[in-house]
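Okay, so here's the structure we're looking at.
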Amino acid sequence: MTLELAALAVSFADGRALIGPLSLTVGPGEVATLTGPSGVGKSTLLDAVGGHLGPAFRRAGRVVLDGRDVTDLAPEARRIGLIFQEAVLFPHLSVADNLAFGLDPGVRGRAARRAAVDEALARAGLGGMGGRDPATLSGGQRARAALMRALLARPRAILLDEPFASLDAGLRAEMRAFTFERIRAEEIPALLVTHDAEDAAAAGGPVLTLAPA
């Protein structure tokens, strides 16, 4: 899979420029980093890529996934995963049911779905924790569970919006390594928004510093 931004630009609805045009190709398992001052539009650019841009903005340019133009597709049709700063798990579901919620519909049958969830839990170091309440997990465990839920959907690309910002230094390094390892193993192109130079260095891909329009 490759993710291509072709002269992608975002402006306000009144025509004022916000960001871009930006052209970038992200290869399989590559993590490209977007940095820049607060308010420059980094998260808004991710919204444009994922198809979540609000009515206050306008988009120009194209988003292409593995050669297919997805610019005008609805978010669910793009199959682009999104990981936020906070690991959001459904509090009324067990850890295993949270992961099952993200499963690709192509995984059919109760046994196959259970096996896929169990494997994901094991890969995340959460083996045997499927029946637990998400509230009983540590911050790092919740973050790993949220990432594996996103990966179980078999996304064609993944967007990371300050995913490590709420973690302390030690946990940040652990989650950073785990996240990038899984993205490379799954060969998914990724866009990372961060203010942290260590995040960008660990990502290892191209770094784009965005400036106000």
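The way I read the labels, and the way they are meant: chains A, B, ... in the order of the structure tokens, residue 1 as the first residue of every chain, and ligand 1 as the first ligand shown, with later ones counted on from there.
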Item to check | Who sits within 10 Å of Asn98 in chain A, only C-alpha atoms, same chain under 4 positions skipped, as a PyMOL selection string | outcome: chain A and resi 88-94+102-103+117+130+133-134+145-146+148-149
Quick one: write out the picked residues with C-alpha atoms as a PDB file, in the first residue's frame?
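Ended up saving to result_22.pdb:
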```pdb
ATOM      1  CA  VAL A  88     -10.448   5.690  23.437  1.00  0.00           C
ATOM      2  CA  LEU A  89     -11.948   2.316  24.318  1.00  0.00           C
ATOM      3  CA  PHE A  90     -15.659   1.634  24.756  1.00  0.00           C
ATOM      4  CA  PRO A  91     -16.209   1.451  28.536  1.00  0.00           C
ATOM      5  CA  HIS A  92     -19.244  -0.843  28.254  1.00  0.00           C
ATOM      6  CA  LEU A  93     -17.299  -3.519  26.339  1.00  0.00           C
ATOM      7  CA  SER A  94     -14.585  -5.891  27.498  1.00  0.00           C
ATOM      8  CA  GLY A 102     -12.710  -3.129  14.890  1.00  0.00           C
ATOM      9  CA  LEU A 103     -12.467  -6.430  13.023  1.00  0.00           C
ATOM     10  CA  VAL A 117      -8.769 -11.074  18.556  1.00  0.00           C
ATOM     11  CA  GLY A 130      -9.570 -10.083  26.884  1.00  0.00           C
ATOM     12  CA  ASP A 133     -12.850  -4.046  31.848  1.00  0.00           C
ATOM     13  CA  PRO A 134     -10.796  -1.442  29.897  1.00  0.00           C
ATOM     14  CA  ALA A 145      -5.323  -2.182  22.743  1.00  0.00           C
ATOM     15  CA  ALA A 146      -6.510   0.881  20.825  1.00  0.00           C
ATOM     16  CA  MET A 148      -4.509  -3.229  17.720  1.00  0.00           C
ATOM     17  CA  ARG A 149      -8.220  -2.453  17.334  1.00  0.00           C
TER      18      ARG A 149
END
```
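Shell of Gly29 in chain A at 9 Å, with only C-alpha atoms counted and residues fewer than 3 places along the chain excluded, is Met1, Thr2, Val26, Phe180, Glu181, Arg182, Ile183, Arg184, Ala185, Glu186, Glu187, Ile188, Pro189 and Ala190 of chain A.
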Checklist entry - Can you list, as a PyMOL selection string, every residue of range 18-168 of chain A that DSSP puts in strand (DSSP E or B)? => result chain A and resi 18-26+31-35+57-65+68-69+80-83+157-161
Next on the checklist: Can you tell me, as an MDAnalysis selection string, which residues in range 15-158 of chain A count as helix (DSSP H, G or I) by DSSP?
Outcome noted: chainID A and resid 42:50 75:78 95:101 110:123 134:136 139:152
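Residue nearest Ala77 in chain A within the list A:Arg156, A:Arg142, A:Arg113, A:Arg176: A:Arg156 [criterion: smallest interatomic distance, only C-alpha atoms].
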Cut-off 12 Å: closest range 135-172 of chain A/range 78-84 of chain A atom pairs per residue, using only C-alpha atoms, as a tab-separated table:
```
residue	atom	partner	partner_atom	distance
A:Ala143	CA	A:Ile83	CA	9.2
A:Arg144	CA	A:Ile83	CA	10.7
A:Ala145	CA	A:Ile83	CA	11.1
A:Ala146	CA	A:Ile83	CA	7.6
A:Leu147	CA	A:Ile83	CA	6.9
A:Met148	CA	A:Ile83	CA	10.3
A:Arg149	CA	A:Gly81	CA	9.6
A:Ala150	CA	A:Gly81	CA	5.9
A:Leu151	CA	A:Gly81	CA	7.6
A:Leu152	CA	A:Gly81	CA	9.9
A:Ala153	CA	A:Gly81	CA	7.9
A:Arg154	CA	A:Arg79	CA	7.7
A:Pro155	CA	A:Arg79	CA	5.0
A:Arg156	CA	A:Ile80	CA	5.7
A:Ala157	CA	A:Ile80	CA	4.9
A:Ile158	CA	A:Gly81	CA	4.4
A:Leu159	CA	A:Leu82	CA	4.7
A:Leu160	CA	A:Ile83	CA	4.9
A:Asp161	CA	A:Phe84	CA	5.0
A:Glu162	CA	A:Phe84	CA	6.4
A:Pro163	CA	A:Phe84	CA	5.2
A:Phe164	CA	A:Phe84	CA	8.7
A:Ala165	CA	A:Phe84	CA	9.5
A:Ser166	CA	A:Phe84	CA	10.2
```
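Minimum atom-to-atom distances from A:Pro37, A:Lys42, A:Val107, A:Gly61 to Leu22 in chain A were compared using only C-alpha atoms, and the lowest value belongs to A:Gly61.
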Next on the checklist: Can you pull out the residues contacting Phe12 in chain A? Cut-off 7 Å, using only C-alpha atoms, and skip same-chain residues under 6 positions away; I want them as an MDAnalysis selection string.
Outcome noted: chainID A and resid 18 56:58
